[in-house]
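*Asks:* Got a structure here, written out as structure tokens. Questions coming.
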Amino acid sequence: MRAKITYLVTALVLVVYFVLVGSRGVLLIRHGTPLTVVFGVAVLVLPVIGVWFLWKNTQFVQRANRLAAELEAEGGLPVDELVRTPSGRVDRASADAVFARRRAETEDHPDDWRCWFRLAVAYHDARDTPRAREAMQRAIALHAGRPVPEQG
């Protein structure tokens with residue numbers, strides 16, 4: 001729940017920022033000189049990119065949460081079996097061992113979104129965020145029945 005609140009607050013702050021930046025861009029365009037119009041258009045591009053990025057991220061999180069809920073209903077969520085240090089951090093060797101099992105499971109069932117979801121969690125636990133995101137995107141695509149490109 002804490003992560004959802006943090007995400008919501010961050011998203012709201014970004015939306016306020018986008019509105020403020022966008023209003024400055026409009027003011028520059030309204031000023032009417034060639035230089036201020038060019039700067040105004042350039043300033044307006046930033047909130048457009050930011051809104052697109054925020055939208056895509058929000059869609060990704062919602063889809064991943066739907067998969068987690070479905071997997072939980074099936075009783076297939078990965079069990080937290082990781083060893084932690086006294087400070088609460090995941091032990092690297094423990095994360096690597098779980099990751100190896102999840103990768104083998106995914107290699108045995110490459111078209112099962114559930115395996116890719118669990119692999120994404122293992123990547124996340126191993127602190128490999130880019131691959132965790134890629135594996136989760138693959139799980140989402142497989143679940144939706146969309147074609148999935150081969151990995152390189």
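All residue names refer to the structure tokens as shown: chains lettered A, B, ... in order, residues numbered from 1 in each chain, ligands numbered from 1 in order.
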Find the residues near stretch 51-58 of chain A: any atom within 9 Å, counting only C-alpha atoms, skip ones fewer than 3 places away on the same chain, and give them as a list of chain:residue names.

*Replies:*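 Result of the neighbour search: A:Ala11, A:Leu14, A:Val15, A:Phe18, A:Leu46, A:Pro47, A:Val48, A:Val61, A:Gln62, A:Arg63.
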
*Asks:* When you count only C-alpha atoms, which of these residues is closest to A:Ala120: A:Gly22, A:Gly32, A:Pro78, A:Gly40?

*Replies:*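 Of A:Gly22, A:Gly32, A:Pro78, A:Gly40, the one nearest A:Ala120 is A:Pro78, counting only C-alpha atoms.
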
*Asks:* Find the spatial neighbours of A:Arg66, counting only C-alpha atoms, within a cut-off of 12 Å - ignore same-chain residues fewer than 5 positions away - and output them as number ranges by chain.

*Replies:* A: 59-61, 71-73, 117, 136, 139-140, 143-144

*Asks:* Ranking A:Arg103, A:Arg127, A:Arg133, A:His109 by minimum distance to A:Arg89 and counting only C-alpha atoms, which one comes first?

*Replies:* A:Arg127

*Asks:* Among the residues of chain A, find those DSSP assigns to alpha helix (DSSP H) from the backbone and print them as an MDAnalysis selection string.

*Replies:* chainID A and resid 2:31 34:74 92:108 113:125 129:144

*Asks:* Here is a test: counting only C-alpha atoms, which residue of A:His124, A:Arg114, A:Arg30, A:Arg131 is nearest to A:Ala69?

*Replies:*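 So, comparing all the options, the nearest one is A:Arg114.
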
*Asks:* Using only C-alpha atoms, which protein or nucleic acid residues come within 12 Å of A:Ala42? Drop anything in the same chain fewer than 3 positions from it, and give the result as an NGL selection string.

*Replies:* :A and (21-22 or 24-26 or 28-29 or 35-39 or 45-49)

*Asks:* When distances are computed from only C-alpha atoms, which of A:Val121, A:Thr129, A:Ala135, A:Ala141 shows the smallest separation from A:Ala68?

*Replies:*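 Between A:Val121, A:Thr129, A:Ala135, A:Ala141, the residue approaching A:Ala68 most closely is A:Val121.
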
*Asks:* Looking at only C-alpha atoms, which of A:Arg118, A:Ala64, A:Pro110, A:Asp125 is the one that sits closest to A:Val90?

*Replies:* A:Asp125

*Asks:* In Å, with one decimal, what is the gap from atom CA of A:Asp80 to atom CA of A:Ala95?

*Replies:*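 A separation of 10.2 Å between them.
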